[in-house]
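> Let me begin by handing over the structure; questions about it come next.
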Amino acid sequence: LLVAAALADVHRIPLHRRRVSSVRAAQVALASKYNVPQESPHPRDQGLVDLENYLDAQYYGEIGIGTPEQSFFVVFDTGSSNLWVPSVECSVLNLACKFHNKYDHNASSTYVPDGESFSIQYGTGALEGYVSQDSVQFGGLIAENQKFAEALKEPSLVFVAAKFDGILGMAFPSIAVNDLTPVFNTLFEQGTLDENIFSFFLNRDPTAESGGELILGGYNSQYFEGDLQWHDVTRTAYWQIHMDSMQYDGVDAGVCLGGCPVIVDTGTSINAAPPEDAAIINGLIGAIHIIGSEWLIPCKNIPLLKDLTLIIGGLDYPLAPEDYILVISEPGSVDVCMSTFAGIDIPGGLWILGDPFIGTYYSVFDFENERVGLAKTVDTVLE
């Protein structure tokens with residue numbers, strides 16, 4: 001059953017998944033995204049879109065730009081608001097560009113030049129390029145005259161090994177660089193979508209063929225149990241809501257004192273908290289601090305661990321150990337178990353609820369009412 005506020009026409013995008021093989025690399029990417037300076041970045045470091053699951057935690061899907069369409073894999077990112085893809089004009093020194101699909105505006109009959117300079121500052125450097133205009137196919141829908149960035153320079157090694165080519169931001173327009181209208185908002189403004197809402201199912205089963213699904217214009221009740229619980233956005237920039245507190249095994253964890261702002265971020269492979277709170281959380285679960293944001297847990301201890309419960313709007317959102325522990329398995333190697341709660345000092349004391357949380361709780365993003373809906377993801381999805 002496909003559901004929106006009414007019997008709206010929804011559009012489904014399959015998602016692909018790539019497993020996370022390094023919490024440290026995921027932390028570097030997250031810190032870079034939120035422009036947290038990195039002193040010494042580690043070198044490792046018709047509306048349905050199928051999401052591909054990138055090792056257990058990088059989800060991305062396909063869009064098309066131009067006429068005829070040029071295909072790109074992008075991260076559908078609720079933690080940013082711009083669309084950018086590599087340009088065919090990128091420098092030969094841009095390694096990330098070299099290994100990914102590139103947009104050639106000369107090959108598109110619907111391209112309109114703009115040329116305004118474009119720059120996004122990441123913690124590891126700036127992504128630079130210029131603005132262009134073209135049609136963008138997103139979930140079988142066409143955003144006409146969409147402005148986006150052609151990237152000439154991509155910072156750091158973060159983007160080199162990525163399975164995706166670019167990023168399609170789905171946060172509020174207020175944080176869009178150059179005040180460019182995000183693609184989803186363009187679709188709604190053009191009357192293509194019946195409801196100003198989208199939703200994510202992220203499949204956390206690394207053996208599953210499907211990485212999940214993004215739905216434009218509605219949500220799918222097949223993917224969750226019970227009713228959606230709605231939480232007001234507290235600041236219309238990121239999809240930011242208020243968390244009351246956190247518990248471990250039913251006892252207050254002593255973090256998020258007095259409440260704290262949390263961002264529901266589909267473009268982040270891990271969860272994050274201010275460093276002092278992350279240290280407390282990892283201490284409670286018996287994690288051993290290795291270096292930076294990496295906390296190691298003996299895999300044999302996982303059955304002994306208890307739930308971490310986030311209290312949001314007075315409601316409990318428990319994470320079982322298998323939800324907050326990342327098991328890294330490589331052929332011929334011993335399994336390594338890592339905490340997904342990294343300590344990152346993001347301005348404003350922001351917490352990040354990334355793919356480990358969104359994979360556990362089906363997430364609906366409602367622009368019209370400025371709220372986020374959450375419900376427990378079903379264990380088994382009917383195909």
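Naming works like this for the structure tokens: A, B, ... for the chains as they're shown, residue 1 at the start of each chain, ligands 1 onward in shown order.
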Could you pull out the strand (DSSP E) residues of region 237-280 of chain A from DSSP and send them as number ranges by chain?

A: 239-248, 251-252, 260-264, 271-273

> Let me see the file: selected residues, N, CA and C atoms, as a CSV table (one decimal), in the first residue's frame.


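result_39.csv was written with the following content:
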chain,number,residue,atom,x,y,z
A,239,TRP,N,17.2,19.0,8.3
A,239,TRP,CA,16.0,18.4,8.9
A,239,TRP,C,16.3,18.2,10.3
A,240,GLN,N,16.3,19.2,11.1
A,240,GLN,CA,16.7,19.3,12.5
A,240,GLN,C,15.5,19.2,13.4
A,241,ILE,N,15.5,18.2,14.4
A,241,ILE,CA,14.5,18.1,15.4
A,241,ILE,C,15.1,18.1,16.7
A,242,HIS,N,14.3,18.0,17.8
A,242,HIS,CA,14.8,18.1,19.1
A,242,HIS,C,14.8,16.7,19.8
A,243,MET,N,15.9,16.3,20.4
A,243,MET,CA,16.0,15.1,21.2
A,243,MET,C,16.0,15.5,22.7
A,244,ASP,N,15.2,14.8,23.5
A,244,ASP,CA,15.1,15.1,24.9
A,244,ASP,C,16.2,14.5,25.7
A,245,SER,N,16.6,13.3,25.4
A,245,SER,CA,17.7,12.6,26.2
A,245,SER,C,18.0,11.3,25.6
A,246,MET,N,18.9,10.5,26.2
A,246,MET,CA,19.2,9.2,25.8
A,246,MET,C,19.3,8.3,27.0
A,247,GLN,N,19.0,7.0,26.8
A,247,GLN,CA,19.1,6.0,27.9
A,247,GLN,C,19.9,4.8,27.4
A,248,TYR,N,20.6,4.2,28.4
A,248,TYR,CA,21.2,2.9,28.1
A,248,TYR,C,20.6,1.9,29.1
A,251,VAL,N,18.2,3.3,31.6
A,251,VAL,CA,18.7,4.3,32.6
A,251,VAL,C,19.3,5.5,31.9
A,252,ASP,N,19.0,6.7,32.4
A,252,ASP,CA,19.5,7.9,31.7
A,252,ASP,C,21.1,7.8,31.5
A,260,CYS,N,18.8,18.4,23.1
A,260,CYS,CA,19.9,18.7,22.1
A,260,CYS,C,19.3,18.7,20.7
A,261,PRO,N,19.9,19.4,19.8
A,261,PRO,CA,19.4,19.4,18.4
A,261,PRO,C,20.0,18.2,17.6
A,262,VAL,N,19.1,17.5,16.8
A,262,VAL,CA,19.6,16.4,16.1
A,262,VAL,C,19.2,16.5,14.6
A,263,ILE,N,20.1,16.1,13.7
A,263,ILE,CA,19.8,16.2,12.3
A,263,ILE,C,19.6,14.8,11.7
A,264,VAL,N,18.5,14.6,11.0
A,264,VAL,CA,18.2,13.3,10.4
A,264,VAL,C,18.8,13.4,9.0
A,271,ASN,N,26.4,7.6,13.0
A,271,ASN,CA,25.8,8.6,13.9
A,271,ASN,C,26.9,9.4,14.5
A,272,ALA,N,26.5,10.6,15.0
A,272,ALA,CA,27.6,11.5,15.6
A,272,ALA,C,27.0,12.3,16.8
A,273,ALA,N,27.8,12.5,17.8
A,273,ALA,CA,27.5,13.3,18.9
A,273,ALA,C,28.7,14.2,19.3

> Could you tell me, as a list of chain:residue names, which residues of region 136-245 of chain A DSSP assigns to alpha helix (DSSP H) when given the backbone?

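DSSP on the backbone gives alpha helix (DSSP H) at A:Val183, A:Phe184, A:Asn185, A:Thr186, A:Leu187, A:Phe188, A:Glu189.
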
> Let's have the selection written as a PDB file, in the first residue's frame, with N, CA and C atoms.


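New file result-v5.pdb:
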ATOM      1  N   VAL A 183      16.366  20.260  -6.290  1.00  0.00           N
ATOM      2  CA  VAL A 183      15.619  19.568  -7.346  1.00  0.00           C
ATOM      3  C   VAL A 183      14.228  19.160  -6.878  1.00  0.00           C
ATOM      4  N   PHE A 184      14.114  18.588  -5.685  1.00  0.00           N
ATOM      5  CA  PHE A 184      12.793  18.173  -5.201  1.00  0.00           C
ATOM      6  C   PHE A 184      11.840  19.359  -5.131  1.00  0.00           C
ATOM      7  N   ASN A 185      12.321  20.490  -4.645  1.00  0.00           N
ATOM      8  CA  ASN A 185      11.471  21.677  -4.532  1.00  0.00           C
ATOM      9  C   ASN A 185      11.056  22.199  -5.902  1.00  0.00           C
ATOM     10  N   THR A 186      11.956  22.080  -6.888  1.00  0.00           N
ATOM     11  CA  THR A 186      11.602  22.449  -8.255  1.00  0.00           C
ATOM     12  C   THR A 186      10.447  21.588  -8.759  1.00  0.00           C
ATOM     13  N   LEU A 187      10.527  20.279  -8.522  1.00  0.00           N
ATOM     14  CA  LEU A 187       9.463  19.378  -8.971  1.00  0.00           C
ATOM     15  C   LEU A 187       8.125  19.768  -8.362  1.00  0.00           C
ATOM     16  N   PHE A 188       8.120  20.074  -7.061  1.00  0.00           N
ATOM     17  CA  PHE A 188       6.858  20.433  -6.418  1.00  0.00           C
ATOM     18  C   PHE A 188       6.339  21.771  -6.935  1.00  0.00           C
ATOM     19  N   GLU A 189       7.228  22.742  -7.083  1.00  0.00           N
ATOM     20  CA  GLU A 189       6.814  24.060  -7.563  1.00  0.00           C
ATOM     21  C   GLU A 189       6.264  24.003  -8.984  1.00  0.00           C
TER      22      GLU A 189
END

> Nearest to Lys376 (chain A) among A:Glu294, A:Asp227, A:Glu322, A:Asp307, with distances taken over only C-alpha atoms: which residue is it?

A:Asp227

> Under the rule that only C-alpha atoms are counted, which of A:Ala208, A:Ala149, A:Val88, A:Ile175 is the nearest residue to His16 (chain A)?

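Closest to His16 (chain A), using only C-alpha atoms: A:Ala208.
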
> Tell me which of A:Tyr130, A:Trp295, A:Phe118, A:Tyr324 sits closest to Leu310 (chain A), counting only C-alpha atoms.

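Distance minimum relative to Leu310 (chain A) lands on A:Tyr324.
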